[in-house]
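**Student:** Structure: entry.txt, compact mmCIF, C-alpha atoms and all ligand atoms.
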```
# COMPACT_ATOMS: atom_id res chain seq x y z
CA MET Q 274 -13.18 6.16 -18.94
CA ASP Q 275 -10.39 7.25 -21.23
CA ALA Q 276 -7.32 7.07 -19.04
CA PRO Q 277 -3.82 7.90 -20.31
CA PHE Q 278 -2.45 4.53 -19.23
CA MET Q 279 -4.34 2.74 -21.97
CA ASN Q 280 -1.96 4.07 -24.62
CA TYR Q 281 1.28 3.22 -22.87
CA GLN Q 282 1.98 0.09 -24.90
CA ASN Q 283 1.59 2.01 -28.19
CA GLU Q 284 3.71 4.83 -26.85
CA ILE Q 285 6.57 2.44 -26.03
CA TYR Q 286 6.53 0.69 -29.40
CA LEU Q 287 6.28 3.97 -31.31
CA GLY Q 288 9.18 5.35 -29.24
CA GLY Q 289 11.25 2.48 -30.55
CA LEU Q 290 11.03 4.00 -34.02
CA SER Q 291 13.10 6.94 -32.73
CA GLN Q 292 15.44 4.77 -30.64
CA GLN Q 293 13.65 5.48 -27.35
CA ARG Q 294 13.43 2.68 -24.82
CA PRO Q 295 11.80 2.58 -21.38
CA SER Q 296 14.28 3.98 -18.85
CA PHE Q 297 13.76 1.34 -16.15
CA PRO Q 298 13.12 -2.42 -16.23
CA LEU Q 299 9.55 -3.40 -17.13
CA SER Q 300 10.08 -6.93 -15.89
CA ILE Q 301 9.16 -6.88 -12.21
CA PRO Q 302 11.88 -9.35 -11.10
CA GLU Q 303 14.46 -7.26 -12.93
CA LEU Q 304 13.15 -4.02 -11.46
CA GLU Q 305 13.35 -5.63 -8.03
CA ALA Q 306 16.89 -6.92 -8.53
CA ARG Q 307 18.21 -3.62 -9.91
CA ALA Q 308 16.58 -1.61 -7.12
CA TYR Q 309 18.05 -3.78 -4.38
CA GLU Q 310 21.50 -3.49 -5.98
CA ALA Q 311 21.14 0.29 -5.93
CA MET Q 312 20.14 0.57 -2.25
CA THR Q 313 22.48 0.81 0.71
CA PRO Q 314 22.71 -2.56 2.51
CA GLU Q 315 20.69 -1.14 5.42
CA ALA Q 316 17.91 0.23 3.20
CA ARG Q 317 17.81 -3.04 1.29
CA GLY Q 318 17.44 -5.00 4.50
CA TYR Q 319 14.64 -2.70 5.61
CA VAL Q 320 12.64 -2.82 2.37
CA GLU Q 321 13.29 -6.40 1.29
CA GLY Q 322 13.28 -8.01 4.69
CA GLY Q 323 10.39 -9.79 6.32
CA ALA Q 324 9.59 -11.13 9.74
CA GLY Q 325 11.38 -14.25 10.96
CA SER Q 326 12.09 -16.80 8.25
CA GLY Q 327 10.41 -14.83 5.48
CA TYR Q 328 7.78 -17.55 5.12
CA THR Q 329 4.87 -15.11 4.93
CA MET Q 330 6.32 -13.29 1.94
CA ARG Q 331 6.69 -16.58 0.08
CA ALA Q 332 3.18 -17.62 1.13
CA ASN Q 333 1.76 -14.36 -0.25
CA ARG Q 334 3.25 -15.06 -3.66
CA ASP Q 335 2.31 -18.71 -3.59
CA ALA Q 336 -1.33 -17.83 -2.87
CA PHE Q 337 -1.50 -15.77 -6.08
CA ASP Q 338 0.27 -18.51 -8.02
CA ARG Q 339 -2.27 -21.09 -6.90
CA TRP Q 340 -4.96 -19.46 -9.06
CA ARG Q 341 -5.21 -19.55 -12.83
CA ILE Q 342 -7.15 -17.20 -15.06
CA VAL Q 343 -9.52 -18.67 -17.62
CA PRO Q 344 -9.81 -16.20 -20.54
CA ARG Q 345 -13.08 -15.86 -22.46
CA MET Q 346 -13.34 -15.02 -26.17
CA LEU Q 347 -15.46 -12.88 -28.54
CA ASN Q 348 -16.90 -10.57 -25.93
CA ASP Q 349 -16.34 -7.18 -27.66
CA VAL Q 350 -13.61 -5.71 -25.52
CA ALA Q 351 -12.80 -2.76 -27.82
CA GLU Q 352 -13.70 -0.24 -25.09
CA ARG Q 353 -12.61 -0.92 -21.50
CA ASP Q 354 -13.32 0.70 -18.20
CA LEU Q 355 -11.18 -0.21 -15.19
CA SER Q 356 -12.81 2.27 -12.86
CA ILE Q 357 -14.17 1.54 -9.40
CA GLU Q 358 -16.49 3.33 -6.99
CA LEU Q 359 -15.26 3.79 -3.44
CA PHE Q 360 -16.78 6.06 -0.78
CA ASP Q 361 -18.83 8.04 -3.34
CA ARG Q 362 -15.84 8.62 -5.56
CA THR Q 363 -14.79 7.14 -8.87
CA TYR Q 364 -11.18 6.00 -9.13
CA PRO Q 365 -9.71 5.11 -12.54
CA ALA Q 366 -8.51 1.63 -11.58
CA PRO Q 367 -8.66 -0.85 -8.68
CA VAL Q 368 -5.16 0.11 -7.61
CA LEU Q 369 -3.83 2.30 -4.78
CA LEU Q 370 -0.33 2.98 -3.50
CA ALA Q 371 0.19 1.25 -0.15
CA PRO Q 372 1.47 3.30 2.77
CA ILE Q 373 5.22 2.80 2.99
CA GLY Q 374 7.18 4.65 5.62
CA VAL Q 375 10.54 6.39 5.62
CA GLN Q 376 11.01 6.52 1.85
CA SER Q 377 13.97 8.90 2.15
CA ILE Q 378 16.16 5.85 2.78
CA VAL Q 379 15.83 4.93 -0.91
CA HIS Q 380 15.43 8.39 -2.48
CA PRO Q 381 15.79 11.87 -0.95
CA GLU Q 382 12.49 13.08 -2.43
CA GLY Q 383 10.71 10.00 -1.10
CA GLU Q 384 6.99 10.53 -0.58
CA LEU Q 385 7.05 13.86 -2.46
CA ALA Q 386 8.15 12.11 -5.65
CA VAL Q 387 5.61 9.35 -5.08
CA ALA Q 388 2.81 11.89 -4.51
CA ARG Q 389 3.61 13.67 -7.78
CA ALA Q 390 3.81 10.37 -9.66
CA ALA Q 391 0.55 9.03 -8.24
CA ALA Q 392 -1.24 12.29 -9.05
CA GLN Q 393 0.07 12.27 -12.59
CA VAL Q 394 -1.02 8.69 -13.22
CA GLY Q 395 -4.34 9.26 -11.42
CA LEU Q 396 -4.05 6.71 -8.62
CA PRO Q 397 -4.66 7.45 -4.94
CA MET Q 398 -1.62 7.34 -2.69
CA ILE Q 399 -1.82 6.40 0.96
CA LEU Q 400 0.66 8.42 2.99
CA SER Q 401 2.24 6.69 5.98
CA THR Q 402 2.35 8.27 9.43
CA ALA Q 403 6.01 7.21 9.40
CA ALA Q 404 6.79 9.31 6.33
CA SER Q 405 9.98 11.22 5.64
CA HIS Q 406 7.97 14.27 4.58
CA SER Q 407 5.07 15.89 6.39
CA ILE Q 408 1.35 15.47 5.74
CA GLU Q 409 1.19 19.06 4.49
CA ASN Q 410 4.24 18.93 2.21
CA VAL Q 411 3.08 15.69 0.64
CA ALA Q 412 -0.40 17.17 0.13
CA GLU Q 413 1.18 20.08 -1.71
CA ALA Q 414 3.18 17.70 -3.93
CA SER Q 415 0.05 15.66 -4.57
CA GLY Q 416 -1.90 18.77 -5.66
CA SER Q 417 -5.27 17.73 -7.02
CA GLY Q 418 -4.32 14.04 -6.78
CA ALA Q 419 -6.33 11.71 -4.56
CA ARG Q 420 -4.68 10.94 -1.24
CA TRP Q 421 -5.49 8.93 1.88
CA PHE Q 422 -3.70 9.03 5.21
CA GLN Q 423 -2.50 5.95 7.10
CA LEU Q 424 -2.50 6.24 10.85
CA TYR Q 425 -0.09 4.51 13.15
CA TRP Q 426 -2.33 5.01 16.15
CA PRO Q 427 -0.24 6.83 18.79
CA ASN Q 428 -0.28 6.15 22.48
CA ASP Q 429 -1.59 9.68 23.01
CA GLU Q 430 -5.08 10.88 22.21
CA THR Q 431 -4.12 14.48 21.58
CA LEU Q 432 -1.51 13.46 19.02
CA THR Q 433 -3.92 11.00 17.41
CA ARG Q 434 -6.55 13.69 17.01
CA SER Q 435 -3.96 16.14 15.74
CA PHE Q 436 -2.74 13.75 13.01
CA ILE Q 437 -6.32 13.10 11.90
CA ALA Q 438 -7.20 16.80 11.90
CA ARG Q 439 -4.07 17.67 9.93
CA ALA Q 440 -4.84 15.00 7.35
CA GLU Q 441 -8.40 16.21 6.96
CA GLU Q 442 -7.29 19.81 6.69
CA ALA Q 443 -4.74 18.86 4.02
CA GLY Q 444 -7.32 17.15 1.81
CA TYR Q 445 -6.73 13.46 2.56
CA GLU Q 446 -9.97 11.66 1.73
CA ALA Q 447 -9.87 8.53 3.86
CA LEU Q 448 -8.14 7.28 6.97
CA VAL Q 449 -6.39 3.90 7.03
CA VAL Q 450 -5.71 2.65 10.56
CA THR Q 451 -2.98 0.01 10.56
CA LEU Q 452 -3.59 -2.52 13.32
CA ASP Q 453 -0.85 -5.09 12.72
CA THR Q 454 2.10 -3.02 13.97
CA SER Q 455 1.30 -2.29 17.60
CA LEU Q 456 4.78 -3.76 18.12
CA LEU Q 457 7.60 -3.94 15.61
CA ALA Q 458 8.08 -7.59 14.65
CA TRP Q 459 11.27 -9.64 14.86
CA ARG Q 460 13.04 -8.72 11.62
CA PRO Q 461 16.38 -10.50 11.34
CA ALA Q 462 17.81 -8.34 8.52
CA ASP Q 463 17.30 -5.08 10.42
CA LEU Q 464 18.40 -6.63 13.69
CA GLN Q 465 21.59 -7.98 12.14
CA SER Q 466 22.61 -4.52 10.98
CA ALA Q 467 21.10 -2.98 14.15
CA TYR Q 468 19.27 -0.57 11.86
CA LEU Q 469 16.07 1.30 12.65
CA PRO Q 470 15.94 4.55 10.62
CA PHE Q 471 13.50 6.23 13.01
CA LEU Q 472 16.10 6.25 15.76
CA MET Q 473 18.26 8.39 13.47
CA GLY Q 474 15.47 10.89 13.00
CA GLN Q 475 14.34 9.52 9.62
CA GLY Q 476 10.65 8.83 9.04
CA ILE Q 477 9.40 10.98 11.90
CA ALA Q 478 8.58 14.14 9.90
CA ASN Q 479 4.92 14.02 10.88
CA TYR Q 480 5.80 13.94 14.56
CA ILE Q 481 8.37 16.70 14.64
CA THR Q 482 6.08 19.01 12.65
CA ASP Q 483 3.15 18.36 14.97
CA PRO Q 484 2.33 21.13 17.43
CA THR Q 485 1.08 18.73 20.12
CA PHE Q 486 4.14 16.48 19.75
CA ARG Q 487 6.47 19.48 19.96
CA ALA Q 488 4.64 20.87 22.96
CA ALA Q 489 5.55 17.75 24.94
CA LEU Q 490 9.30 18.14 24.24
CA GLU Q 491 11.72 19.94 26.50
CA LYS Q 492 13.69 21.28 23.55
CA ASP Q 493 12.77 21.74 19.88
CA PRO Q 494 13.75 18.80 17.64
CA GLU Q 495 15.95 21.21 15.63
CA GLU Q 496 18.03 21.61 18.78
CA ASP Q 497 17.74 18.12 20.26
CA MET Q 498 16.80 15.35 17.84
CA THR Q 499 17.61 12.64 20.38
CA GLY Q 500 14.98 14.01 22.75
CA ALA Q 501 12.42 13.99 19.92
CA VAL Q 502 13.32 10.42 18.97
CA MET Q 503 12.96 9.28 22.58
CA ARG Q 504 9.50 10.85 22.74
CA TRP Q 505 8.65 9.14 19.43
CA VAL Q 506 9.56 5.78 20.96
CA GLN Q 507 7.14 6.49 23.82
CA VAL Q 508 4.16 7.59 21.72
CA PHE Q 509 4.50 5.48 18.56
CA SER Q 510 1.96 2.81 19.50
CA ASN Q 511 -0.07 1.23 22.24
CA PRO Q 512 -0.36 -2.57 22.22
CA ALA Q 513 -3.05 -2.35 24.91
CA TYR Q 514 -5.69 -0.89 22.55
CA THR Q 515 -8.86 -2.95 22.04
CA TRP Q 516 -11.82 -2.76 19.66
CA ASP Q 517 -13.71 -0.41 21.95
CA ASP Q 518 -10.91 2.15 21.71
CA LEU Q 519 -11.80 2.63 18.05
CA ALA Q 520 -14.66 4.81 19.24
CA MET Q 521 -12.12 7.55 19.84
CA ILE Q 522 -10.90 7.46 16.24
CA ARG Q 523 -14.48 7.20 14.95
CA SER Q 524 -15.43 10.29 16.94
CA ALA Q 525 -12.46 12.22 15.58
CA THR Q 526 -13.48 12.26 11.92
CA ASP Q 527 -16.25 11.88 9.38
CA LEU Q 528 -13.80 10.56 6.80
CA PRO Q 529 -14.20 6.94 5.74
CA ILE Q 530 -12.05 4.74 7.99
CA LEU Q 531 -10.47 1.49 6.81
CA LEU Q 532 -8.73 -0.99 9.11
CA LYS Q 533 -5.52 -2.39 7.64
CA GLY Q 534 -4.14 -5.74 8.72
CA VAL Q 535 -7.41 -7.66 9.01
CA LEU Q 536 -6.98 -11.38 8.22
CA HIS Q 537 -9.76 -13.12 10.20
CA PRO Q 538 -13.43 -12.87 9.18
CA ASP Q 539 -14.45 -12.19 12.80
CA ASP Q 540 -12.18 -9.14 12.87
CA ALA Q 541 -13.77 -7.95 9.63
CA ARG Q 542 -17.20 -8.29 11.24
CA LYS Q 543 -15.97 -6.33 14.26
CA ALA Q 544 -14.81 -3.59 11.91
CA VAL Q 545 -18.38 -3.30 10.61
CA GLU Q 546 -19.82 -3.38 14.13
CA HIS Q 547 -17.51 -0.60 15.25
CA GLY Q 548 -18.61 1.76 12.51
CA MET Q 549 -15.66 1.34 10.17
CA ASN Q 550 -16.10 1.81 6.43
CA GLY Q 551 -13.73 -0.76 4.96
CA VAL Q 552 -10.96 -3.23 5.67
CA ILE Q 553 -7.63 -3.93 4.02
CA VAL Q 554 -6.68 -7.59 4.12
CA SER Q 555 -2.94 -7.33 4.70
CA ASN Q 556 -0.09 -9.02 6.50
CA HIS Q 557 2.15 -5.98 6.03
CA GLY Q 558 4.04 -7.64 3.19
CA GLY Q 559 5.13 -10.47 5.47
CA ARG Q 560 6.91 -8.07 7.80
CA GLN Q 561 4.96 -8.69 10.99
CA VAL Q 562 3.97 -12.32 11.66
CA ASP Q 563 6.22 -15.06 10.33
CA GLY Q 564 4.07 -18.00 9.25
CA SER Q 565 0.97 -15.81 8.78
CA ILE Q 566 -1.86 -16.76 6.47
CA ALA Q 567 -1.36 -15.39 2.93
CA THR Q 568 -3.65 -12.48 2.19
CA LEU Q 569 -5.23 -13.99 -0.92
CA ASP Q 570 -6.08 -17.07 1.16
CA ALA Q 571 -7.67 -14.88 3.84
CA LEU Q 572 -9.65 -12.74 1.39
CA PRO Q 573 -12.64 -14.97 0.43
CA ALA Q 574 -13.73 -15.62 4.04
CA VAL Q 575 -13.47 -11.92 4.88
CA VAL Q 576 -15.58 -10.96 1.85
CA ALA Q 577 -18.13 -13.66 2.67
CA GLU Q 578 -18.41 -12.34 6.24
CA VAL Q 579 -18.99 -8.66 5.44
CA GLY Q 580 -20.82 -8.94 2.11
CA ASP Q 581 -20.30 -7.23 -1.22
CA ASP Q 582 -21.34 -3.75 -0.13
CA PHE Q 583 -18.58 -3.34 2.43
CA PRO Q 584 -15.27 -2.45 0.72
CA VAL Q 585 -12.55 -5.05 1.16
CA LEU Q 586 -9.12 -4.17 -0.26
CA VAL Q 587 -6.09 -6.42 -0.25
CA ASP Q 588 -2.30 -6.15 -0.40
CA SER Q 589 0.88 -8.14 0.21
CA GLY Q 590 2.49 -9.84 -2.75
CA VAL Q 591 0.73 -7.96 -5.57
CA ARG Q 592 3.30 -7.85 -8.37
CA THR Q 593 1.73 -8.11 -11.83
CA ALA Q 594 -1.63 -7.14 -13.30
CA SER Q 595 -2.89 -10.71 -13.15
CA ASP Q 596 -2.63 -10.50 -9.35
CA ALA Q 597 -5.11 -7.61 -9.29
CA LEU Q 598 -7.47 -9.54 -11.55
CA LYS Q 599 -7.30 -12.58 -9.26
CA ALA Q 600 -7.92 -10.45 -6.18
CA VAL Q 601 -10.95 -8.80 -7.80
CA ALA Q 602 -12.19 -12.23 -8.87
CA LEU Q 603 -12.09 -13.28 -5.20
CA GLY Q 604 -14.07 -10.24 -4.08
CA ALA Q 605 -11.53 -7.48 -3.47
CA ARG Q 606 -12.59 -3.97 -4.43
CA ALA Q 607 -8.99 -2.95 -5.12
CA VAL Q 608 -5.37 -3.89 -4.48
CA LEU Q 609 -2.55 -1.91 -2.93
CA LEU Q 610 0.84 -1.89 -4.59
CA GLY Q 611 3.71 -1.78 -2.09
CA ARG Q 612 7.34 -2.69 -2.69
CA PRO Q 613 7.13 -2.48 -6.53
CA TYR Q 614 6.65 1.29 -6.57
CA ILE Q 615 9.46 1.64 -4.03
CA TRP Q 616 11.71 -0.19 -6.51
CA GLY Q 617 10.71 2.38 -9.17
CA LEU Q 618 11.37 5.22 -6.71
CA THR Q 619 14.80 3.82 -5.90
CA LEU Q 620 15.93 3.73 -9.52
CA GLY Q 621 14.30 6.83 -10.89
CA GLY Q 622 12.53 8.98 -8.31
CA GLU Q 623 9.27 10.37 -9.68
CA ALA Q 624 9.97 9.08 -13.22
CA GLY Q 625 10.67 5.60 -11.87
CA VAL Q 626 7.36 5.50 -10.01
CA ILE Q 627 5.47 6.85 -13.01
CA GLN Q 628 6.87 4.18 -15.29
CA MET Q 629 6.10 1.41 -12.82
CA LEU Q 630 2.51 2.56 -12.31
CA ARG Q 631 1.78 3.22 -15.99
CA ALA Q 632 3.15 -0.20 -16.89
CA TYR Q 633 1.01 -1.85 -14.21
CA LEU Q 634 -2.15 -0.15 -15.44
CA ALA Q 635 -1.42 -0.80 -19.10
CA GLU Q 636 -0.90 -4.46 -18.30
CA LEU Q 637 -4.08 -4.55 -16.25
CA ASP Q 638 -6.09 -3.00 -19.07
CA LEU Q 639 -4.74 -5.57 -21.52
CA THR Q 640 -5.33 -8.42 -19.09
CA LEU Q 641 -8.93 -7.31 -18.63
CA ALA Q 642 -9.46 -7.19 -22.39
CA LEU Q 643 -7.70 -10.43 -23.20
CA THR Q 644 -9.69 -12.31 -20.59
CA GLY Q 645 -12.91 -11.14 -22.25
CA ASN Q 646 -13.98 -8.38 -19.84
CA ARG Q 647 -14.89 -4.76 -20.59
CA SER Q 648 -15.10 -3.82 -16.94
CA LEU Q 649 -14.40 -5.29 -13.53
CA SER Q 650 -18.10 -6.02 -13.03
CA THR Q 651 -17.81 -9.25 -15.04
CA VAL Q 652 -14.69 -10.43 -13.21
CA GLY Q 653 -15.72 -12.98 -10.62
CA ARG Q 654 -15.13 -16.38 -9.17
CA GLU Q 655 -15.76 -18.00 -12.59
CA THR Q 656 -12.84 -15.98 -14.03
CA ILE Q 657 -10.31 -18.11 -12.14
CA GLN Q 658 -9.65 -21.72 -11.23
CA PRO Q 659 -7.41 -23.24 -8.58
CA ARG Q 660 -4.15 -24.69 -9.85
CA PRO Q 661 -4.47 -28.47 -10.04
CA ALA Q 662 -3.10 -30.13 -6.92
CA GLY Q 663 0.44 -31.40 -7.22
CA GLU Q 664 1.33 -29.31 -10.23
CA ILE Q 665 4.50 -27.23 -10.00
CA GLY Q 666 3.59 -23.60 -9.47
CA ALA Q 667 5.99 -21.95 -11.88
CA ARG Q 668 4.73 -18.67 -13.34
C1 LIG N 701 5.47 -1.14 4.70
N1 LIG N 701 4.12 -1.20 5.06
C2 LIG N 701 3.59 -0.19 5.85
N2 LIG N 701 2.27 -0.23 6.18
C3 LIG N 701 1.71 0.77 6.89
O1 LIG N 701 0.52 0.73 7.18
N3 LIG N 701 2.48 1.84 7.28
C4 LIG N 701 3.81 1.94 6.99
O2 LIG N 701 4.47 2.90 7.34
C5 LIG N 701 4.39 0.88 6.27
N4 LIG N 701 5.74 0.89 5.98
C6 LIG N 701 6.28 -0.08 5.18
C7 LIG N 701 7.62 -0.01 4.82
C8 LIG N 701 8.16 -0.95 3.95
C9 LIG N 701 9.61 -0.84 3.55
C10 LIG N 701 7.36 -1.99 3.44
C11 LIG N 701 7.89 -2.99 2.45
C12 LIG N 701 6.03 -2.07 3.82
C13 LIG N 701 3.25 -2.25 4.55
C14 LIG N 701 2.63 -1.85 3.20
O3 LIG N 701 1.62 -0.89 3.39
C15 LIG N 701 1.99 -3.06 2.50
O4 LIG N 701 1.09 -3.69 3.37
C16 LIG N 701 3.05 -4.04 2.02
O5 LIG N 701 4.11 -3.36 1.40
C17 LIG N 701 2.46 -5.06 1.05
O6 LIG N 701 3.40 -6.04 0.72
P1 LIG N 701 4.22 -6.02 -0.67
O7 LIG N 701 3.23 -6.24 -1.77
O8 LIG N 701 4.89 -4.70 -0.76
O9 LIG N 701 5.20 -7.14 -0.55
```
Let's see the structure in the file written out as structure tokens.
**Tutor:**
Amino acid sequence: MDAPFMNYQNEIYLGGLSQQRPSFPLSIPELEARAYEAMTPEARGYVEGGAGSGYTMRANRDAFDRWRIVPRMLNDVAERDLSIELFDRTYPAPVLLAPIGVQSIVHPEGELAVARAAAQVGLPMILSTAASHSIENVAEASGSGARWFQLYWPNDETLTRSFIARAEEAGYEALVVTLDTSLLAWRPADLQSAYLPFLMGQGIANYITDPTFRAALEKDPEEDMTGAVMRWVQVFSNPAYTWDDLAMIRSATDLPILLKGVLHPDDARKAVEHGMNGVIVSNHGGRQVDGSIATLDALPAVVAEVGDDFPVLVDSGVRTASDALKAVALGARAVLLGRPYIWGLTLGGEAGVIQMLRAYLAELDLTLALTGNRSLSTVGRETIQPRPAGEIGAR
């Protein structure tokens, strides 16, 4: 597949001949540092922060760093194809944009800018329930771009069905049900600044535009935002849900459903048994359970449990292209990028996200080629080796 990202490296070097340089940092640590400097302290705490001690975020990175790639030579890699098949559709690369809520805290255009960027680069975006812009407005910004909808499963069946119906109506092609946030975790950074954007009416656009949500309010949100926020607190989640309750979601849609937040192979098997179509191995970027297993460590057992035909995606700690290659080598169908595209959004809105995504894909294409692969089908367990025990894990 001839995708535009393959020429990005040439484009950058040729631009140099007319004094053009990339507008935002290409180095991921530098992009991260600059973005956090540019955010308000509260937004920084919200995006950067993790649960408890932050151990899980470090563990996520360490799990990627414990694998090494073993490149192979002379394999004719002149033509490459990064595409994947998922739910009867071909996507140009094994990369999606993770659902990230309340993006208006880093950029006013938030999810609208991200939707335009994802569509332009050709990657699917997953819109969060907790978005700053509505399902319908983001769909319009996304245009013909691929989009999935992430459901925070409300404590109200009518609202749940309404969200799913709206997403279907607006052309979202899969439903991602996030299971790891039935309660908001203990997050010291946000607690220290006593900051939860939703309580200020940010990140609840999908609720206040929902006819069933509005019907339950005494006054319209435009008149009484506090009343709407209080209702949001009541309906946001239900920690009493069990596996059998998934039948309700299954009955609400024919879209493929993926469960996000699966880390144990038995839970992956239950996903299959309950008629789900995929799982996303995720620990929410280390924001929910402090001391959680790293996602790359959880991945192989999950894949072994459900088999190769059942899509297993992974996120949490994916930073450079080599991370995607390692995840695919361990059986993932695709990875989700999270914080990195938010850093691009912070610094440059749509243009910042586009640069971040194009750079990621260009690097992935080169990594595939330079490791001796023309497509992902030859990337497997033999592509990587564990880091020798005792060796310092510097990248
Ligand atoms: C998230 N994540 C998330 N997940 C989800 O299902 N719905 C959501 O609304 C959000 N919101 C959200 C906000 C912020 C600020 C962050 C950082 C993350 C989790 C997200 O989908 C993904 O699992 C993580 O971002 C992956 O970790 P890294 O790679 O970003 O560190």
**Student:** Each residue of chain Q with at least one atom at most 6 Å from ligand LIG 701 (chain N) should appear once, together with its nearest atom pair and the corresponding distance in Å (one decimal); atoms considered: all atoms listed in the file; ordering: chain, then increasing residue number; output as a Markdown table.
**Tutor:**
```
| residue | atom | partner | partner_atom | distance |
| --- | --- | --- | --- | --- |
| Q:Tyr319 | CA | N:LIG701 | C9 | 5.7 |
| Q:Val320 | CA | N:LIG701 | C9 | 3.8 |
| Q:Ala371 | CA | N:LIG701 | O3 | 4.4 |
| Q:Pro372 | CA | N:LIG701 | O3 | 4.2 |
| Q:Ile373 | CA | N:LIG701 | N4 | 3.6 |
| Q:Gly374 | CA | N:LIG701 | O2 | 3.7 |
| Q:Ser401 | CA | N:LIG701 | O2 | 4.6 |
| Q:Ala403 | CA | N:LIG701 | O2 | 5.0 |
| Q:Thr451 | CA | N:LIG701 | O1 | 4.9 |
| Q:Ser555 | CA | N:LIG701 | O4 | 5.6 |
| Q:His557 | CA | N:LIG701 | O4 | 3.7 |
| Q:Gly558 | CA | N:LIG701 | O6 | 3.0 |
| Q:Asp588 | CA | N:LIG701 | C17 | 5.1 |
| Q:Ser589 | CA | N:LIG701 | O6 | 3.3 |
| Q:Gly590 | CA | N:LIG701 | O7 | 3.8 |
| Q:Val591 | CA | N:LIG701 | O7 | 4.9 |
| Q:Leu610 | CA | N:LIG701 | O7 | 5.7 |
| Q:Gly611 | CA | N:LIG701 | O8 | 3.4 |
| Q:Arg612 | CA | N:LIG701 | O8 | 3.7 |
```
**Student:** Store the residues of this selection in a file with C-alpha atoms, as an mmCIF file, in the frame of the given file.
**Tutor:**
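File again.cif, as written:
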```
data_model
loop_
_atom_site.group_PDB
_atom_site.id
_atom_site.type_symbol
_atom_site.label_atom_id
_atom_site.label_comp_id
_atom_site.auth_asym_id
_atom_site.auth_seq_id
_atom_site.Cartn_x
_atom_site.Cartn_y
_atom_site.Cartn_z
ATOM 1 C CA TYR Q 319 14.640 -2.700 5.610
ATOM 2 C CA VAL Q 320 12.640 -2.820 2.370
ATOM 3 C CA ALA Q 371 0.190 1.250 -0.150
ATOM 4 C CA PRO Q 372 1.470 3.300 2.770
ATOM 5 C CA ILE Q 373 5.220 2.800 2.990
ATOM 6 C CA GLY Q 374 7.180 4.650 5.620
ATOM 7 C CA SER Q 401 2.240 6.690 5.980
ATOM 8 C CA ALA Q 403 6.010 7.210 9.400
ATOM 9 C CA THR Q 451 -2.980 0.010 10.560
ATOM 10 C CA SER Q 555 -2.940 -7.330 4.700
ATOM 11 C CA HIS Q 557 2.150 -5.980 6.030
ATOM 12 C CA GLY Q 558 4.040 -7.640 3.190
ATOM 13 C CA ASP Q 588 -2.300 -6.150 -0.400
ATOM 14 C CA SER Q 589 0.880 -8.140 0.210
ATOM 15 C CA GLY Q 590 2.490 -9.840 -2.750
ATOM 16 C CA VAL Q 591 0.730 -7.960 -5.570
ATOM 17 C CA LEU Q 610 0.840 -1.890 -4.590
ATOM 18 C CA GLY Q 611 3.710 -1.780 -2.090
ATOM 19 C CA ARG Q 612 7.340 -2.690 -2.690
#
```
**Student:** One decimal, Å: what's the distance from CA of Leu469 (chain Q) over to CA of Trp516 (chain Q), could you say?
**Tutor:** 29.0 Å
**Student:** Quick one: residues within 12 Å of Thr433 (chain Q), only C-alpha atoms, excluding same-chain residues fewer than 2 positions away - as a ChimeraX atom specification?
**Tutor:** /Q:402,423-431,435-440,448,450,479-480,483-486,508-511,519,521-526
**Student:** Please, what distance in Å, to one decimal, runs between CA of Arg460 (chain Q) and CA of Val379 (chain Q)?
**Tutor:**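 Computed distance, CA of Arg460 (chain Q) to CA of Val379 (chain Q), equals 18.7 Å.
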**Student:** Which residue is closest to Trp421 (chain Q)? Choose from Q:Leu472, Q:Val601, Q:Leu452, Q:Ile530 and count only C-alpha atoms.
**Tutor:**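 Answer, going by the shortest atom-to-atom distance: Q:Ile530.
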**Student:** Would you list the contacts of region 357-364 of chain Q as a list in words, taking every protein, DNA or RNA residue within 9 Å and counting only C-alpha atoms, but skipping same-chain residues closer than 6 positions in sequence?
**Tutor:**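 Neighbouring residues, sequence-local ones excluded: Gly395, Leu396, Pro397, Ala419, Ala447, Pro529, Asn550, Pro584, Arg606, Ala607 and Leu649 of chain Q.
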**Student:** Would you please work out which residue, of Q:Pro381, Q:Pro470, Q:Gly604, Q:Gly418, is nearest to Val394 (chain Q) when using all atoms listed in the file?
**Tutor:**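 Counting all atoms listed in the file, the residue closest to Val394 (chain Q) is Q:Gly418.
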**Student:** Report, in Å with one decimal, the straight-line distance from CA of Ala388 (chain Q) to CA of Thr619 (chain Q).
**Tutor:**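 Going from CA of Ala388 (chain Q) over to CA of Thr619 (chain Q) covers 14.5 Å.
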